[in-house]
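*Asks:* Please find work.txt (compact mmCIF, C-alpha atoms) on the next line:
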```
# COMPACT_ATOMS: atom_id res chain seq x y z
CA MET A 747 -25.56 -0.20 1.55
CA THR A 748 -22.08 0.63 2.80
CA SER A 749 -21.76 4.26 3.81
CA CYS A 750 -18.61 6.39 3.79
CA TYR A 751 -17.64 9.20 6.10
CA ALA A 752 -16.22 12.37 4.54
CA LEU A 753 -12.78 11.86 5.98
CA PRO A 754 -9.63 12.90 4.09
CA LEU A 755 -7.66 10.33 2.15
CA ARG A 756 -4.09 10.26 3.42
CA ALA A 757 -0.92 8.29 3.00
CA ILE A 758 -0.24 5.33 5.25
CA ASN A 759 3.02 5.30 7.15
CA PHE A 760 5.02 3.01 9.41
CA ASN A 761 3.07 4.14 12.49
CA ASP A 762 -0.14 3.04 10.76
CA ALA A 763 1.38 -0.35 10.03
CA ARG A 764 2.39 -0.78 13.66
CA ARG A 765 -1.12 0.25 14.78
CA CYS A 766 -2.58 -2.32 12.40
CA ALA A 767 -0.29 -5.02 13.71
CA SER A 768 -1.24 -4.22 17.30
CA GLY A 769 -4.96 -4.17 16.48
CA GLN A 770 -5.50 -0.47 17.19
CA PHE A 771 -7.47 -0.02 13.97
CA ARG A 772 -10.54 -1.80 15.35
CA SER A 773 -14.02 -0.34 15.01
CA GLY A 774 -14.89 2.31 17.56
CA GLY A 775 -18.19 3.38 19.06
CA ASP A 776 -19.29 4.93 15.77
CA GLY A 777 -18.65 1.69 13.90
CA VAL A 778 -15.97 3.21 11.67
CA ARG A 779 -13.49 0.70 10.25
CA LEU A 780 -10.52 1.35 8.08
CA ALA A 781 -11.06 -1.17 5.35
CA ARG A 782 -9.70 -0.23 1.98
CA LEU A 783 -6.13 0.03 0.78
CA SER A 784 -5.71 1.71 -2.57
CA LYS A 785 -3.02 1.00 -5.17
CA THR A 786 -1.05 4.05 -4.05
CA GLY A 787 -1.03 3.08 -0.38
CA CYS A 788 -3.84 5.26 0.93
CA VAL A 789 -6.65 4.39 3.31
CA ARG A 790 -10.26 5.58 3.45
CA ALA A 791 -12.49 5.42 6.51
CA THR A 792 -15.62 3.39 5.74
CA LYS A 793 -18.41 1.94 7.82
CA GLY A 794 -19.73 -1.58 8.03
CA LEU A 795 -17.25 -3.47 5.82
CA GLY A 796 -15.54 -5.49 8.51
CA ARG A 797 -12.33 -6.12 6.54
CA VAL A 798 -9.89 -4.77 9.09
CA GLY A 799 -7.95 -8.03 9.03
CA LYS A 800 -7.17 -7.71 5.34
CA LEU A 801 -6.15 -4.08 5.75
CA ARG A 802 -3.89 -5.04 8.62
CA VAL A 803 -2.18 -7.71 6.55
CA ASP A 804 -1.75 -5.41 3.52
CA MET A 805 -0.36 -2.51 5.51
CA VAL A 806 2.06 -4.71 7.41
CA ARG A 807 3.16 -6.26 4.08
CA ILE A 808 3.86 -2.82 2.64
CA SER A 809 5.76 -1.86 5.77
CA GLU A 810 7.82 -5.04 5.52
CA GLN A 811 8.54 -4.42 1.81
CA ARG A 812 9.73 -0.88 2.55
CA SER A 813 11.78 -2.15 5.45
CA LYS A 814 13.39 -4.77 3.21
CA TYR A 815 14.45 -2.18 0.67
CA SER A 816 15.53 0.25 3.35
CA LEU A 817 18.40 -2.19 3.86
CA ILE A 818 19.87 -1.05 0.55
CA SER A 819 20.16 2.52 1.87
CA ARG A 820 23.79 3.53 1.64
CA ASN A 821 26.13 6.30 0.57
CA VAL A 822 27.42 6.04 -3.00
CA THR A 823 30.35 8.02 -4.41
CA PHE A 824 30.45 8.97 -8.10
CA ARG A 825 33.37 10.30 -10.16
CA HIS A 826 32.80 12.69 -13.04
CA SER A 827 33.63 11.25 -16.47
CA ARG A 828 35.69 14.26 -17.60
CA ARG A 829 36.66 16.21 -14.49
CA ASP A 830 38.60 15.10 -11.43
CA GLU A 831 35.59 15.52 -9.16
CA GLU A 832 33.65 13.23 -6.84
CA ARG A 833 30.22 13.53 -5.28
CA THR A 834 28.55 11.36 -2.65
CA TYR A 835 24.80 10.80 -2.42
CA ARG A 836 22.48 8.65 -0.32
CA LEU A 837 20.64 5.84 -2.09
CA ARG A 838 17.30 4.95 -0.50
CA PRO A 839 13.67 4.02 -1.32
CA VAL A 840 11.17 6.79 -2.04
CA THR A 841 8.52 7.28 0.68
CA PRO A 842 5.30 9.36 0.95
CA ASP A 843 7.30 11.97 2.89
CA ASP A 844 9.28 12.71 -0.30
CA SER A 845 6.50 14.50 -2.18
CA LEU A 846 8.21 17.90 -1.95
CA ARG A 847 11.60 16.46 -2.92
CA GLU A 848 10.07 14.78 -5.96
CA GLN A 849 8.27 17.99 -6.96
CA LEU A 850 11.43 20.09 -6.60
CA LEU A 851 13.45 17.70 -8.75
CA LEU A 852 10.83 17.68 -11.50
CA ASN A 853 10.62 21.49 -11.39
CA GLN A 854 14.38 21.70 -12.01
CA LEU A 855 14.18 19.79 -15.29
CA SER A 856 14.61 21.76 -18.49
CA PRO A 857 11.74 21.85 -21.04
CA GLU A 858 13.76 19.47 -23.23
CA ALA A 859 14.24 17.04 -20.30
CA HIS A 860 10.49 17.12 -19.61
CA LEU A 861 9.81 16.31 -23.24
CA MET A 862 12.20 13.34 -23.19
CA ARG A 863 10.87 11.89 -19.94
CA PHE A 864 7.14 12.64 -20.20
CA PHE A 865 6.75 12.65 -24.03
CA GLY A 866 5.27 16.13 -23.97
CA PRO A 867 5.88 19.75 -22.83
CA LYS A 868 4.74 19.05 -19.28
CA ARG A 869 5.91 21.65 -16.77
CA GLN A 870 3.44 21.26 -13.92
CA HIS A 871 2.60 18.10 -11.97
CA SER A 872 -0.58 17.89 -9.94
CA ARG A 873 -0.69 16.84 -6.31
CA MET A 874 -2.31 13.57 -7.35
CA GLU A 875 0.47 12.87 -9.86
CA ILE A 876 3.14 13.49 -7.21
CA GLU A 877 1.32 11.19 -4.80
CA GLU A 878 1.27 8.47 -7.47
CA LEU A 879 5.04 8.86 -7.80
CA THR A 880 5.79 8.76 -4.07
CA HIS A 881 3.22 6.32 -2.66
CA ILE A 882 4.84 3.05 -3.69
CA ASP A 883 3.78 -0.38 -2.43
CA TYR A 884 7.22 -2.01 -3.06
CA HIS A 885 5.50 -5.21 -4.07
CA ASP A 886 4.46 -4.58 -7.67
CA ASP A 887 6.21 -1.23 -8.02
CA CYS A 888 9.50 0.29 -6.88
CA ALA A 889 11.08 3.75 -6.71
CA LEU A 890 14.63 4.54 -5.58
CA ALA A 891 16.26 7.93 -5.15
CA LEU A 892 19.67 9.48 -4.68
CA LYS A 893 19.57 12.29 -2.09
CA ASP A 894 22.06 15.04 -1.49
CA GLU A 895 22.50 15.01 2.29
CA GLU A 896 23.74 18.63 2.34
CA THR A 897 20.75 20.13 0.52
CA ASP A 898 18.23 17.43 1.54
CA GLU A 899 17.11 17.25 -2.11
CA PHE A 900 16.83 14.43 -4.65
CA VAL A 901 19.27 14.47 -7.57
CA ALA A 902 18.03 11.33 -9.36
CA ILE A 903 15.11 8.89 -9.25
CA GLY A 904 14.69 5.48 -10.87
CA ARG A 905 11.55 3.37 -10.79
CA TYR A 906 9.62 0.48 -12.24
CA TYR A 907 5.95 -0.45 -12.47
CA SER A 908 4.57 -3.93 -13.01
CA LEU A 909 2.55 -4.10 -16.23
CA SER A 910 -0.17 -5.94 -14.29
CA HIS A 911 -1.00 -6.05 -10.59
CA ASP A 912 -2.81 -9.35 -11.04
CA PRO A 913 -0.47 -12.13 -9.80
CA LYS A 914 -2.18 -14.56 -12.19
CA SER A 915 -1.37 -12.45 -15.25
CA PRO A 916 1.80 -13.23 -17.24
CA GLN A 917 2.47 -9.48 -17.34
CA HIS A 918 2.75 -9.40 -13.55
CA LYS A 919 6.35 -10.57 -13.99
CA ILE A 920 7.17 -7.81 -16.49
CA VAL A 921 8.07 -4.29 -15.37
CA GLU A 922 8.36 -0.97 -17.15
CA VAL A 923 11.53 0.82 -16.06
CA ALA A 924 12.56 4.47 -16.22
CA VAL A 925 15.06 6.88 -14.78
CA VAL A 926 12.40 9.50 -14.18
CA ALA A 927 14.70 12.41 -13.48
CA CYS A 928 18.34 13.37 -13.22
CA ALA A 929 19.24 16.88 -12.03
CA GLU A 930 21.14 18.96 -14.60
CA VAL A 931 24.00 19.66 -12.16
CA VAL A 932 24.94 15.98 -11.85
CA LYS A 933 25.24 15.09 -15.51
CA GLY A 934 28.43 13.22 -16.29
CA TYR A 935 28.59 11.34 -13.00
CA GLY A 936 26.85 8.18 -14.26
CA LEU A 937 23.81 8.57 -12.01
CA GLY A 938 21.34 7.55 -14.73
CA THR A 939 23.13 4.28 -15.45
CA TYR A 940 23.53 3.59 -11.74
CA MET A 941 19.85 4.16 -10.96
CA MET A 942 18.77 1.90 -13.83
CA TYR A 943 21.13 -0.79 -12.54
CA GLU A 944 19.74 -0.57 -9.00
CA VAL A 945 16.13 -0.67 -10.24
CA LEU A 946 16.86 -3.81 -12.28
CA GLN A 947 18.59 -5.28 -9.22
CA VAL A 948 15.36 -4.90 -7.24
CA ALA A 949 13.37 -6.35 -10.14
CA VAL A 950 15.37 -9.59 -10.13
CA GLN A 951 15.05 -9.76 -6.34
CA GLU A 952 11.29 -9.68 -6.87
CA HIS A 953 11.64 -12.46 -9.48
CA LYS A 954 10.55 -10.29 -12.41
CA THR A 955 11.31 -11.98 -15.72
CA ALA A 956 11.64 -8.99 -18.06
CA ALA A 957 11.92 -5.22 -18.14
CA VAL A 958 10.64 -2.92 -20.89
CA ALA A 959 11.20 0.76 -21.62
CA THR A 960 9.98 3.38 -24.08
CA VAL A 961 12.49 5.96 -25.33
CA LEU A 962 12.04 8.78 -27.83
CA LYS A 963 14.30 8.49 -30.87
CA GLU A 964 15.90 11.88 -30.14
CA ASN A 965 16.67 10.97 -26.50
CA HIS A 966 20.28 10.10 -27.27
CA ALA A 967 21.41 10.08 -23.63
CA ALA A 968 18.85 7.44 -22.65
CA ARG A 969 19.65 5.35 -25.70
CA ARG A 970 23.37 5.40 -24.83
CA MET A 971 22.51 4.33 -21.29
CA PHE A 972 20.43 1.38 -22.46
CA GLU A 973 23.16 0.36 -24.93
CA ARG A 974 25.36 -0.41 -21.93
CA PHE A 975 22.85 -2.99 -20.76
CA SER A 976 22.56 -4.48 -24.26
CA ASP A 977 26.18 -5.66 -23.92
CA TRP A 978 25.33 -7.65 -20.76
CA ILE A 979 21.74 -8.84 -21.20
CA PRO A 980 21.24 -11.69 -23.72
CA GLY A 981 18.10 -11.22 -25.77
CA TYR A 982 18.11 -7.42 -25.40
CA THR A 983 16.08 -5.92 -28.27
CA GLU A 984 15.15 -2.50 -29.59
CA ARG A 985 12.31 -1.81 -32.02
CA LEU A 986 11.74 1.59 -33.61
CA GLU A 987 8.15 2.55 -34.37
CA ASP A 988 6.81 6.09 -34.96
CA ASP A 989 10.07 7.68 -33.68
CA VAL A 990 9.85 5.72 -30.42
CA TYR A 991 12.14 2.88 -29.37
CA GLU A 992 10.49 -0.04 -27.60
CA ILE A 993 13.19 -1.75 -25.52
CA GLN A 994 12.92 -5.24 -24.03
CA MET A 995 15.37 -6.75 -21.55
CA PRO A 996 14.89 -10.40 -20.51
CA LEU A 997 16.06 -10.79 -16.93
CA GLU A 998 15.99 -14.52 -16.31
CA ALA A 999 19.32 -15.13 -18.10
CA VAL A 1000 21.09 -12.53 -15.93
CA THR A 1001 19.48 -13.51 -12.61
CA VAL A 1002 21.73 -15.28 -10.13
CA GLU A 1003 19.80 -16.97 -7.33
CA GLY A 1004 21.13 -16.81 -3.77
CA SER A 1005 23.09 -19.74 -2.40
CA ASN A 1006 20.65 -20.11 0.49
CA PRO A 1007 16.97 -19.16 1.10
CA HIS A 1008 17.98 -16.00 2.97
CA ASP A 1009 20.00 -14.56 0.06
CA HIS A 1010 18.33 -12.34 -2.52
CA ALA A 1011 18.66 -12.97 -6.23
CA ARG A 1012 21.01 -10.55 -7.99
CA LEU A 1013 22.18 -9.49 -11.42
CA SER A 1014 25.05 -11.45 -12.92
CA PHE A 1015 26.95 -8.24 -13.76
CA THR A 1016 27.93 -5.18 -11.73
CA TYR A 1017 27.67 -1.43 -12.21
CA ASP A 1018 31.45 -1.34 -12.69
CA ASP A 1019 31.02 -3.80 -15.58
CA LEU A 1020 28.68 -1.32 -17.26
CA ILE A 1021 31.00 1.69 -17.07
CA LYS A 1022 34.46 0.10 -17.35
CA ILE A 1023 34.67 0.68 -21.12
CA LYS A 1024 32.44 3.67 -21.90
CA SER A 1025 32.14 6.96 -20.06
CA PRO A 1026 29.23 7.15 -17.57
CA CYS A 1027 25.87 8.46 -18.81
```
Any chance you could give the structure as structure tokens?
*Replies:*
Amino acid sequence: MTSCYALPLRAINFNDARRCASGQFRSGGDGVRLARLSKTGCVRATKGLGRVGKLRVDMVRISEQRSKYSLISRNVTFRHSRRDEERTYRLRPVTPDDSLREQLLLNQLSPEAHLMRFFGPKRQHSRMEIEELTHIDYHDDCALALKDEETDEFVAIGRYYSLSHDPKSPQHKIVEVAVVACAEVVKGYGLGTYMMYEVLQVAVQEHKTAAVATVLKENHAARRMFERFSDWIPGYTERLEDDVYEIQMPLEAVTVEGSNPHDHARLSFTYDDLIKIKSPC
């Protein structure tokens, strides 16, 4: 029977991926082999499994996925919808090092905002929940954040999760999207719409065919944000059931493939298209 050592579960990082690629995670004198990669990107030390090769491939793949999306990291300037003010934030992927930033952003949300985003009066998030939100494989799931470089804090986060992690399942190509949080101080700058746009942009790059979302009936801000996308996505539908809107957005009709194999697919419309008529949400 395979035995496990009582070693702590921890997040993988780029150094781990490099060590895997160079073969440094081979079994030592005690026969310990790192051999299991969990959904959230964590490794456990086990003995006698002999699957170091698979772990090496998976960790390098995750590193490559993060590296690919790190290319989108850039500064983005937003103008307030009613005041002559501008703010600039850094767009980048969420990493395991962002646990504290994610926790701080969630702690800043009002009770009403928690209700709208988590469908209940949730004020505290466990360490395991925060790890689930920050340990992203960037293959089936994605999380992007806007960071204030002056305060080193997140002001907005958008994410998606594949409905199935089984590549053979039809639901593997469908993602659930959400703008998980938007700080109260940045309302009116269009950050929510922008984050949803960027998350959908990644989804089409990963050849996802549809995105779905669940929105409470009284969440008027989120409904206004999704209405922007309804003007640009053919086949967009909303269905109200038990005071909850189930939103579906087919992506194939708005996916533009790259002109050569090295170009990523992209959305057929831009963020400016979304906000040119209505004020930013």
*Asks:* Give me, please, the distance in Å between atom CA of Phe1015 of chain A and atom CA of Val1000 of chain A, quoted to one decimal.
*Replies:*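 Separation of atom CA of Phe1015 of chain A and atom CA of Val1000 of chain A: 7.6 Å.
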*Asks:* Which residue is closest to Ala1011 of chain A? Choose from A:Leu909, A:Leu997, A:Leu846, A:Leu851 and count all atoms listed in the file.
*Replies:*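 For Ala1011 of chain A, the nearest of the candidates is A:Leu997.
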*Asks:* Within 12 Å of (22.7, 0.7, -23.0) (coordinates as in the file), grab all the protein and nucleic acid residues, counting only C-alpha atoms, and write them out as a ChimeraX atom specification.
*Replies:* /A:938-940,942-943,959,961,966-979,982-984,993-995,1020-1021,1024-1027
*Asks:* Which value, in Å to one decimal, gives the distance between atom CA of Ile876 of chain A and atom CA of Ser845 of chain A?
*Replies:*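 Distance reported for this atom pair: 6.1 Å.
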*Asks:* Grab the atom CA of Lys893 of chain A to atom CA of Glu848 of chain A distance for me, in Å with one decimal place.
*Replies:*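 Atom-to-atom, atom CA of Lys893 of chain A to atom CA of Glu848 of chain A, that is 10.6 Å.
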*Asks:* Please produce, as a tab-separated table, a per-residue contact table for segment 908-1016 of chain A versus segment 827-832 of chain A (criterion: any atom at most 9 Å away, all atoms listed in the file considered), showing the nearest atom pair and its distance in Å to one decimal, sorted by chain then residue number.
*Replies:*
```
residue	atom	partner	partner_atom	distance
A:Gly934	CA	A:Ser827	CA	5.6
A:Tyr935	CA	A:Ser827	CA	6.1
A:Gly936	CA	A:Ser827	CA	7.8
```
*Asks:* Could you list, as a ChimeraX atom specification, every residue within 8 Å of Thr823 of chain A, counting all atoms listed in the file and ignoring same-chain residues fewer than 6 positions away?
*Replies:* /A:832-835
*Asks:* I'd like the contact shell of Gly904 of chain A - 7 Å cut-off, all atoms listed in the file, skipping same-chain residues fewer than 3 positions apart - returned as a PDB file with C-alpha atoms, in the frame of the given file.
*Replies:*
```
ATOM      1  CA  ALA A 889      11.080   3.750  -6.710  1.00  0.00           C
ATOM      2  CA  LEU A 890      14.630   4.540  -5.580  1.00  0.00           C
ATOM      3  CA  ALA A 891      16.260   7.930  -5.150  1.00  0.00           C
ATOM      4  CA  ALA A 924      12.560   4.470 -16.220  1.00  0.00           C
ATOM      5  CA  VAL A 925      15.060   6.880 -14.780  1.00  0.00           C
ATOM      6  CA  VAL A 926      12.400   9.500 -14.180  1.00  0.00           C
ATOM      7  CA  MET A 941      19.850   4.160 -10.960  1.00  0.00           C
ATOM      8  CA  MET A 942      18.770   1.900 -13.830  1.00  0.00           C
ATOM      9  CA  VAL A 945      16.130  -0.670 -10.240  1.00  0.00           C
TER      10      VAL A 945
END
```
*Asks:* For Asp843 of chain A, which residue out of A:His881, A:Arg863, A:His826, A:Arg820 is the nearest one, using all atoms listed in the file?
*Replies:*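 Checking each of A:His881, A:Arg863, A:His826, A:Arg820 against Asp843 of chain A, counting all atoms listed in the file, the winner is A:His881.
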*Asks:* Measuring between all atoms listed in the file, which one of A:Leu879, A:Leu837, A:Val901, A:Leu946 shows the shortest distance to Val932 of chain A?
*Replies:* A:Val901
*Asks:* Would you please work out which residue, of A:Ile920, A:Val990, A:Glu998, A:Arg985, is nearest to Leu1013 of chain A when using all atoms listed in the file?
*Replies:*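 Between A:Ile920, A:Val990, A:Glu998, A:Arg985, the residue approaching Leu1013 of chain A most closely is A:Glu998.
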